[in-house]
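Raw query14.pdb, PDB, C-alpha atoms:
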ATOM      1  CA  LEU A 110      99.639  83.556 116.019  1.00  0.00           C
ATOM      2  CA  LEU A 111      98.484  83.898 112.439  1.00  0.00           C
ATOM      3  CA  ALA A 112      94.877  83.205 113.419  1.00  0.00           C
ATOM      4  CA  HIS A 113      92.799  82.265 116.447  1.00  0.00           C
ATOM      5  CA  ARG A 114      89.172  81.791 117.371  1.00  0.00           C
ATOM      6  CA  ILE A 115      88.611  85.464 118.163  1.00  0.00           C
ATOM      7  CA  LYS A 116      89.668  86.524 114.643  1.00  0.00           C
ATOM      8  CA  LYS A 117      88.435  83.700 112.458  1.00  0.00           C
ATOM      9  CA  LEU A 118      88.494  83.957 108.675  1.00  0.00           C
ATOM     10  CA  THR A 119      85.167  82.881 107.222  1.00  0.00           C
ATOM     11  CA  TYR A 120      84.509  81.795 103.651  1.00  0.00           C
ATOM     12  CA  ASN A 121      81.060  82.234 102.136  1.00  0.00           C
ATOM     13  CA  CYS A 122      80.321  80.505  98.841  1.00  0.00           C
ATOM     14  CA  PRO A 123      77.580  81.678  96.476  1.00  0.00           C
ATOM     15  CA  GLU A 124      74.085  80.771  97.646  1.00  0.00           C
ATOM     16  CA  CYS A 125      72.807  77.471  96.237  1.00  0.00           C
ATOM     17  CA  ALA A 126      69.314  75.986  96.349  1.00  0.00           C
ATOM     18  CA  ILE A 127      70.625  72.473  96.926  1.00  0.00           C
ATOM     19  CA  LYS A 128      73.133  71.461  99.623  1.00  0.00           C
ATOM     20  CA  THR A 129      74.995  69.034  97.377  1.00  0.00           C
ATOM     21  CA  VAL A 130      75.576  71.797  94.814  1.00  0.00           C
ATOM     22  CA  ALA A 131      77.113  74.009  97.510  1.00  0.00           C
ATOM     23  CA  GLU A 132      79.323  71.150  98.702  1.00  0.00           C
ATOM     24  CA  SER A 133      80.439  70.425  95.159  1.00  0.00           C
ATOM     25  CA  TYR A 134      81.229  74.088  94.579  1.00  0.00           C
ATOM     26  CA  PHE A 135      83.524  74.161  97.614  1.00  0.00           C
ATOM     27  CA  LEU A 136      85.267  70.925  96.621  1.00  0.00           C
ATOM     28  CA  LEU A 137      85.969  72.281  93.162  1.00  0.00           C
ATOM     29  CA  ASN A 138      87.272  75.577  94.523  1.00  0.00           C
ATOM     30  CA  SER A 139      88.781  74.457  97.831  1.00  0.00           C
ATOM     31  CA  PHE A 140      92.400  74.893  96.713  1.00  0.00           C
ATOM     32  CA  SER A 141      92.017  78.496  95.508  1.00  0.00           C
ATOM     33  CA  THR A 142      89.733  79.314  98.445  1.00  0.00           C
ATOM     34  CA  THR A 143      92.120  78.070 101.125  1.00  0.00           C
ATOM     35  CA  LYS A 144      95.020  79.725  99.262  1.00  0.00           C
ATOM     36  CA  ASP A 145      93.218  83.093  99.442  1.00  0.00           C
ATOM     37  CA  LEU A 146      92.375  82.562 103.115  1.00  0.00           C
ATOM     38  CA  TYR A 147      96.001  81.783 103.959  1.00  0.00           C
ATOM     39  CA  LYS A 148      97.157  84.796 101.952  1.00  0.00           C
ATOM     40  CA  ASN A 149      94.734  87.132 103.719  1.00  0.00           C
ATOM     41  CA  CYS A 150      95.714  85.662 107.072  1.00  0.00           C
ATOM     42  CA  VAL A 151      99.440  86.212 106.469  1.00  0.00           C
ATOM     43  CA  ASN A 152      98.895  89.731 105.101  1.00  0.00           C
ATOM     44  CA  ARG A 153      96.825  90.663 108.122  1.00  0.00           C
ATOM     45  CA  ALA A 154      99.458  89.254 110.479  1.00  0.00           C
ATOM     46  CA  MET A 155     102.227  91.192 108.677  1.00  0.00           C
ATOM     47  CA  GLN A 156     100.224  94.425 108.860  1.00  0.00           C
ATOM     48  CA  SER A 157      99.601  93.882 112.554  1.00  0.00           C
ATOM     49  CA  LEU A 158     103.294  93.130 113.168  1.00  0.00           C
ATOM     50  CA  ASN A 159     104.383  96.197 111.197  1.00  0.00           C
ATOM     51  CA  LEU A 160     102.031  98.422 113.188  1.00  0.00           C
ATOM     52  CA  ARG A 161     103.195  96.924 116.484  1.00  0.00           C
ATOM     53  CA  LEU A 162     106.888  97.352 115.612  1.00  0.00           C
ATOM     54  CA  ASN A 163     106.337 100.953 114.523  1.00  0.00           C
ATOM     55  CA  ASN A 164     104.525 101.764 117.752  1.00  0.00           C
ATOM     56  CA  ASP A 165     107.035  99.993 119.988  1.00  0.00           C
ATOM     57  CA  PHE A 166     110.364 100.665 118.275  1.00  0.00           C
ATOM     58  CA  GLY A 167     109.962 103.427 115.724  1.00  0.00           C
ATOM     59  CA  PHE A 168     107.898 106.214 114.243  1.00  0.00           C
ATOM     60  CA  GLY A 169     104.866 105.372 112.164  1.00  0.00           C
ATOM     61  CA  GLU A 170     104.437 107.147 108.841  1.00  0.00           C
ATOM     62  CA  VAL A 171     101.383 109.406 109.032  1.00  0.00           C
ATOM     63  CA  THR A 172      99.778 112.281 107.171  1.00  0.00           C
ATOM     64  CA  VAL A 173      98.164 114.873 109.412  1.00  0.00           C
ATOM     65  CA  ASN A 174      96.352 118.187 109.363  1.00  0.00           C
ATOM     66  CA  ASP A 175      97.337 120.850 111.873  1.00  0.00           C
ATOM     67  CA  HIS A 176      96.395 124.376 112.929  1.00  0.00           C
ATOM     68  CA  MET A 177      98.235 127.649 112.389  1.00  0.00           C
ATOM     69  CA  TRP A 178      97.345 131.241 113.198  1.00  0.00           C
ATOM     70  CA  ILE A 179      97.291 133.921 110.514  1.00  0.00           C
ATOM     71  CA  VAL A 180      96.089 137.519 110.395  1.00  0.00           C
ATOM     72  CA  ASP A 181      92.655 137.530 108.733  1.00  0.00           C
ATOM     73  CA  SER A 182      91.983 141.273 108.552  1.00  0.00           C
ATOM     74  CA  LYS A 183      93.056 142.835 105.259  1.00  0.00           C
ATOM     75  CA  LYS A 184      93.357 146.188 107.036  1.00  0.00           C
ATOM     76  CA  HIS A 185      96.046 144.893 109.380  1.00  0.00           C
ATOM     77  CA  PRO A 186      99.581 146.041 108.428  1.00  0.00           C
ATOM     78  CA  GLU A 187     100.874 142.452 108.795  1.00  0.00           C
ATOM     79  CA  TYR A 188      98.152 140.886 106.650  1.00  0.00           C
ATOM     80  CA  ASP A 189     100.182 140.334 103.470  1.00  0.00           C
ATOM     81  CA  ALA A 190     103.453 139.405 105.178  1.00  0.00           C
ATOM     82  CA  HIS A 191     101.729 137.078 107.639  1.00  0.00           C
ATOM     83  CA  ARG A 192      99.839 135.287 104.889  1.00  0.00           C
ATOM     84  CA  GLN A 193     102.967 135.009 102.732  1.00  0.00           C
ATOM     85  CA  ALA A 194     104.926 133.467 105.620  1.00  0.00           C
ATOM     86  CA  PHE A 195     102.103 131.015 106.246  1.00  0.00           C
ATOM     87  CA  LEU A 196     101.907 129.981 102.575  1.00  0.00           C
ATOM     88  CA  GLN A 197     105.680 129.533 102.355  1.00  0.00           C
ATOM     89  CA  MET A 198     105.716 127.474 105.544  1.00  0.00           C
ATOM     90  CA  SER A 199     102.807 125.313 104.364  1.00  0.00           C
ATOM     91  CA  GLU A 200     104.467 124.623 101.024  1.00  0.00           C
ATOM     92  CA  ILE A 201     107.724 123.524 102.644  1.00  0.00           C
ATOM     93  CA  LEU A 202     106.055 121.351 105.285  1.00  0.00           C
ATOM     94  CA  PHE A 203     103.798 119.772 102.669  1.00  0.00           C
ATOM     95  CA  ALA A 204     106.855 118.735 100.638  1.00  0.00           C
ATOM     96  CA  MET A 205     108.435 116.905 103.586  1.00  0.00           C
ATOM     97  CA  ASN A 206     108.219 113.121 103.748  1.00  0.00           C
ATOM     98  CA  ALA A 207     109.255 110.372 106.131  1.00  0.00           C
ATOM     99  CA  ASN A 208     112.074 108.998 103.966  1.00  0.00           C
ATOM    100  CA  GLU A 209     114.175 112.122 103.408  1.00  0.00           C
ATOM    101  CA  PRO A 210     116.194 114.226 105.889  1.00  0.00           C
ATOM    102  CA  ILE A 211     114.757 117.651 106.716  1.00  0.00           C
ATOM    103  CA  ALA A 212     117.975 119.695 106.720  1.00  0.00           C
ATOM    104  CA  ASP A 213     116.900 121.462 103.512  1.00  0.00           C
ATOM    105  CA  ALA A 214     113.487 122.236 104.995  1.00  0.00           C
ATOM    106  CA  ARG A 215     115.132 123.813 108.062  1.00  0.00           C
ATOM    107  CA  GLU A 216     117.239 126.020 105.804  1.00  0.00           C
ATOM    108  CA  GLN A 217     114.296 127.052 103.643  1.00  0.00           C
ATOM    109  CA  LEU A 218     112.214 127.911 106.696  1.00  0.00           C
ATOM    110  CA  LYS A 219     114.735 130.356 108.173  1.00  0.00           C
ATOM    111  CA  PRO A 220     113.024 133.417 106.591  1.00  0.00           C
ATOM    112  CA  VAL A 221     109.660 132.279 107.972  1.00  0.00           C
ATOM    113  CA  ILE A 222     111.133 131.752 111.437  1.00  0.00           C
ATOM    114  CA  GLY A 223     112.825 135.141 111.231  1.00  0.00           C
ATOM    115  CA  TYR A 224     109.551 136.823 110.333  1.00  0.00           C
ATOM    116  CA  PHE A 225     107.606 135.320 113.235  1.00  0.00           C
ATOM    117  CA  GLU A 226     110.464 136.237 115.580  1.00  0.00           C
ATOM    118  CA  SER A 227     110.283 139.830 114.336  1.00  0.00           C
ATOM    119  CA  ILE A 228     106.571 139.972 115.218  1.00  0.00           C
ATOM    120  CA  LYS A 229     107.421 139.186 118.845  1.00  0.00           C
ATOM    121  CA  LYS A 230     109.922 142.071 118.860  1.00  0.00           C
ATOM    122  CA  ASN A 231     107.699 144.583 117.069  1.00  0.00           C
ATOM    123  CA  TYR A 232     104.517 144.015 119.119  1.00  0.00           C
ATOM    124  CA  THR A 233     105.783 144.280 122.675  1.00  0.00           C
ATOM    125  CA  SER A 234     103.041 146.015 124.638  1.00  0.00           C
ATOM    126  CA  THR A 235     100.713 144.345 127.128  1.00  0.00           C
ATOM    127  CA  SER A 236      97.638 145.229 125.067  1.00  0.00           C
ATOM    128  CA  LYS A 237      95.368 142.396 123.979  1.00  0.00           C
ATOM    129  CA  HIS A 238      96.168 143.140 120.333  1.00  0.00           C
ATOM    130  CA  ASP A 239      99.935 142.845 120.801  1.00  0.00           C
ATOM    131  CA  ARG A 240      99.647 139.769 123.015  1.00  0.00           C
ATOM    132  CA  LYS A 241      97.470 138.138 120.359  1.00  0.00           C
ATOM    133  CA  MET A 242     100.043 138.898 117.666  1.00  0.00           C
ATOM    134  CA  ARG A 243     102.823 137.430 119.813  1.00  0.00           C
ATOM    135  CA  TYR A 244     100.585 134.463 120.587  1.00  0.00           C
ATOM    136  CA  ALA A 245     100.276 133.702 116.858  1.00  0.00           C
ATOM    137  CA  SER A 246     104.072 133.722 116.506  1.00  0.00           C
ATOM    138  CA  PHE A 247     104.688 131.544 119.567  1.00  0.00           C
ATOM    139  CA  PHE A 248     101.979 129.140 118.399  1.00  0.00           C
ATOM    140  CA  ASN A 249     103.169 128.873 114.789  1.00  0.00           C
ATOM    141  CA  LEU A 250     106.802 128.492 115.778  1.00  0.00           C
ATOM    142  CA  ALA A 251     105.966 125.762 118.306  1.00  0.00           C
ATOM    143  CA  VAL A 252     104.114 123.796 115.625  1.00  0.00           C
ATOM    144  CA  LEU A 253     106.906 124.436 113.154  1.00  0.00           C
ATOM    145  CA  TYR A 254     109.632 123.172 115.496  1.00  0.00           C
ATOM    146  CA  TYR A 255     107.580 120.073 116.233  1.00  0.00           C
ATOM    147  CA  TYR A 256     107.676 119.105 112.566  1.00  0.00           C
ATOM    148  CA  LEU A 257     111.342 120.060 112.364  1.00  0.00           C
ATOM    149  CA  ASP A 258     112.105 117.501 115.098  1.00  0.00           C
ATOM    150  CA  ASP A 259     113.361 120.196 117.490  1.00  0.00           C
ATOM    151  CA  PRO A 260     111.691 119.611 120.886  1.00  0.00           C
ATOM    152  CA  LYS A 261     114.104 121.986 122.638  1.00  0.00           C
ATOM    153  CA  MET A 262     113.047 124.968 120.536  1.00  0.00           C
ATOM    154  CA  MET A 263     109.429 123.831 120.664  1.00  0.00           C
ATOM    155  CA  MET A 264     109.629 123.875 124.459  1.00  0.00           C
ATOM    156  CA  LYS A 265     111.080 127.405 124.341  1.00  0.00           C
ATOM    157  CA  GLU A 266     108.177 128.662 122.213  1.00  0.00           C
ATOM    158  CA  ALA A 267     105.647 126.801 124.374  1.00  0.00           C
ATOM    159  CA  ASN A 268     106.982 128.419 127.547  1.00  0.00           C
ATOM    160  CA  GLY A 269     106.965 131.805 125.820  1.00  0.00           C
ATOM    161  CA  LEU A 270     103.347 131.250 124.873  1.00  0.00           C
ATOM    162  CA  VAL A 271     102.455 130.529 128.511  1.00  0.00           C
ATOM    163  CA  LEU A 272     104.294 133.641 129.752  1.00  0.00           C
ATOM    164  CA  ASN A 273     102.597 135.718 127.042  1.00  0.00           C
ATOM    165  CA  ASP A 274      99.362 135.057 128.953  1.00  0.00           C
ATOM    166  CA  TYR A 275      96.932 135.160 126.050  1.00  0.00           C
ATOM    167  CA  ASP A 276      95.873 131.491 125.966  1.00  0.00           C
ATOM    168  CA  THR A 277      98.043 129.449 128.332  1.00  0.00           C
ATOM    169  CA  ARG A 278      96.242 126.153 127.606  1.00  0.00           C
ATOM    170  CA  ASP A 279      97.865 125.860 124.175  1.00  0.00           C
ATOM    171  CA  GLY A 280     101.280 126.518 125.677  1.00  0.00           C
ATOM    172  CA  LYS A 281     100.852 123.767 128.262  1.00  0.00           C
ATOM    173  CA  ALA A 282      99.730 121.334 125.554  1.00  0.00           C
ATOM    174  CA  PHE A 283     102.824 122.176 123.506  1.00  0.00           C
ATOM    175  CA  VAL A 284     105.030 121.558 126.547  1.00  0.00           C
ATOM    176  CA  GLN A 285     103.586 118.043 126.802  1.00  0.00           C
ATOM    177  CA  SER A 286     104.154 117.382 123.087  1.00  0.00           C
ATOM    178  CA  ALA A 287     107.739 118.671 123.248  1.00  0.00           C
ATOM    179  CA  THR A 288     108.447 116.510 126.301  1.00  0.00           C
ATOM    180  CA  TRP A 289     107.012 113.434 124.583  1.00  0.00           C
ATOM    181  CA  LEU A 290     109.098 114.053 121.454  1.00  0.00           C
ATOM    182  CA  LYS A 291     112.271 114.627 123.493  1.00  0.00           C
ATOM    183  CA  ASN A 292     111.712 111.387 125.413  1.00  0.00           C
ATOM    184  CA  MET A 293     111.047 109.439 122.210  1.00  0.00           C
ATOM    185  CA  PHE A 294     114.313 110.620 120.696  1.00  0.00           C
ATOM    186  CA  GLU A 295     116.287 109.797 123.827  1.00  0.00           C
ATOM    187  CA  GLU A 296     114.751 106.332 124.186  1.00  0.00           C
ATOM    188  CA  SER A 297     115.402 105.376 120.571  1.00  0.00           C
ATOM    189  CA  ASN A 298     118.721 107.269 120.307  1.00  0.00           C
ATOM    190  CA  ILE A 299     117.439 108.530 116.950  1.00  0.00           C
ATOM    191  CA  TYR A 300     116.894 112.269 116.841  1.00  0.00           C
ATOM    192  CA  SER A 301     114.830 112.578 113.697  1.00  0.00           C
ATOM    193  CA  ARG A 302     111.615 111.050 112.417  1.00  0.00           C
ATOM    194  CA  HIS A 303     112.708 111.518 108.806  1.00  0.00           C
ATOM    195  CA  PHE A 304     115.130 108.930 107.408  1.00  0.00           C
ATOM    196  CA  SER A 305     115.212 106.294 104.693  1.00  0.00           C
ATOM    197  CA  ILE A 306     114.855 102.593 105.471  1.00  0.00           C
ATOM    198  CA  ASP A 307     116.510  99.876 103.395  1.00  0.00           C
ATOM    199  CA  PRO A 308     114.943  96.476 104.284  1.00  0.00           C
ATOM    200  CA  GLY A 309     117.719  94.788 102.299  1.00  0.00           C
ATOM    201  CA  THR A 310     120.162  95.594 105.092  1.00  0.00           C
ATOM    202  CA  PHE A 311     118.072  93.834 107.745  1.00  0.00           C
ATOM    203  CA  LYS A 312     118.738  90.282 108.858  1.00  0.00           C
ATOM    204  CA  GLY A 313     117.344  88.005 111.497  1.00  0.00           C
ATOM    205  CA  PRO A 314     119.240  86.825 114.583  1.00  0.00           C
ATOM    206  CA  TYR A 315     120.047  83.454 112.973  1.00  0.00           C
ATOM    207  CA  GLU A 316     121.022  84.718 109.532  1.00  0.00           C
ATOM    208  CA  ASN A 317     124.634  84.640 108.414  1.00  0.00           C
ATOM    209  CA  ASN A 318     126.222  87.668 106.888  1.00  0.00           C
ATOM    210  CA  ALA A 319     125.524  87.687 103.148  1.00  0.00           C
ATOM    211  CA  ASN A 320     129.264  87.934 102.455  1.00  0.00           C
ATOM    212  CA  THR A 321     130.190  84.865 104.502  1.00  0.00           C
ATOM    213  CA  PHE A 322     127.751  82.232 103.211  1.00  0.00           C
ATOM    214  CA  ASN A 323     129.112  78.761 102.523  1.00  0.00           C
ATOM    215  CA  ARG A 324     129.667  77.721  98.922  1.00  0.00           C
ATOM    216  CA  PRO A 325     129.738  74.126  97.716  1.00  0.00           C
ATOM    217  CA  ALA A 326     133.227  72.788  96.927  1.00  0.00           C
ATOM    218  CA  ASN A 327     134.143  72.084  93.316  1.00  0.00           C
TER
END

Once you've parsed the file, please lay out its structure as structure tokens.
Amino acid sequence: LLAHRIKKLTYNCPECAIKTVAESYFLLNSFSTTKDLYKNCVNRAMQSLNLRLNNDFGFGEVTVNDHMWIVDSKKHPEYDAHRQAFLQMSEILFAMNANEPIADAREQLKPVIGYFESIKKNYTSTSKHDRKMRYASFFNLAVLYYYLDDPKMMMKEANGLVLNDYDTRDGKAFVQSATWLKNMFEESNIYSRHFSIDPGTFKGPYENNANTFNRPAN
């Protein structure tokens, strides 16, 4: 329905001291007023339909803020490298958009992924310090793989974060997110949230192919 009693569109004219003046104002402006009401009604219905279709059959386009872990002590030997990896990762992720494939982003992020993987190999003890360093790598990589549409690798990092035993709650939350993303891909049979959409290629169930329309005879 375009409109119903629960979501009524109400028109308020300018305040008038005399009732007949108010009535005359509406009569003079009734065409443009009803035109605007219809327009707003249709626009609202289209926005609602678009949101519903995105939620039910696709991926909505969103802009989000997320969390990453970086070394904040300038005395730490990984301070500069950790911060550089974070800045490079942020720049690449920030440049991503919903309408372009992310193959280039995956390629550009390989050095960042390699660096965080090296942290896990270089800080291997059971000390709190080393577990915290590994935690930062597991955490950052899990977030990174989420935005790279790779739930399998995200799940791997999430499980590693749990086994690392520094803060298992984050790992369990990542497992849930990876599972949700995996299920979404399998249900839609589309394994990326980044692709262009050309509305000109869409047609309704009763539309004929544009190349087979009937032409009038000469």

Query - Residue list as a VMD selection string for point (100.2, 128.8, 120.9), cut-off 10 Å, only C-alpha atoms - result: chain A and resid 176 to 178 241 243 to 252 266 to 271 273 275 to 283

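Among A:Met262, A:Met242, A:Ile179, A:Ile211, the residue with the shortest atom-to-atom distance to Gln193 (chain A), counting only C-alpha atoms, is A:Ile179.
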
Who sits within 7 Å of Leu290 (chain A), all atoms listed in the file, same chain under 4 positions skipped, as an mmCIF file with C-alpha atoms, in the frame of the given file:
data_model
loop_
_atom_site.group_PDB
_atom_site.id
_atom_site.type_symbol
_atom_site.label_atom_id
_atom_site.label_comp_id
_atom_site.auth_asym_id
_atom_site.auth_seq_id
_atom_site.Cartn_x
_atom_site.Cartn_y
_atom_site.Cartn_z
ATOM 1 C CA PRO A 260 111.691 119.611 120.886
ATOM 2 C CA SER A 286 104.154 117.382 123.087
ATOM 3 C CA PHE A 294 114.313 110.620 120.696
#

Query - Chain and number of each residue from the PyMOL selection byres ((chain A and resi 301) around 12), as number ranges by chain - result: A: 167-168, 206-212, 254-260, 290-291, 293-295, 297-300, 302-305

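Once the PyMOL selection byres ((chain A and resi 121) around 12) is applied to this file, the selection holds Leu118, Thr119, Tyr120, Cys122, Pro123, Glu124, Cys125, Ala131, Glu132, Tyr134, Phe135, Asn138, Ser139, Thr142, Thr143 and Leu146 of chain A.
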
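If you measure from each of A:Asp274, A:Asp175, A:Glu200, A:Glu187 to Ser227 (chain A) using only C-alpha atoms, the closest one turns out to be A:Glu187.
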
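Using only C-alpha atoms for every distance, the candidate list A:Gln156, A:Asn231, A:Asn174, A:Gln217 yields A:Asn231 as the residue closest to Pro186 (chain A).
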
**Report entry** Resolved residues for the PyMOL selection byres ((chain A and resi 190-192) around 9) as a list in words
**Finding:** Ile179, Val180, Asp181, Pro186, Glu187, Tyr188, Asp189, Gln193, Ala194, Phe195, Leu196, Gln197, Tyr224 and Phe225 of chain A
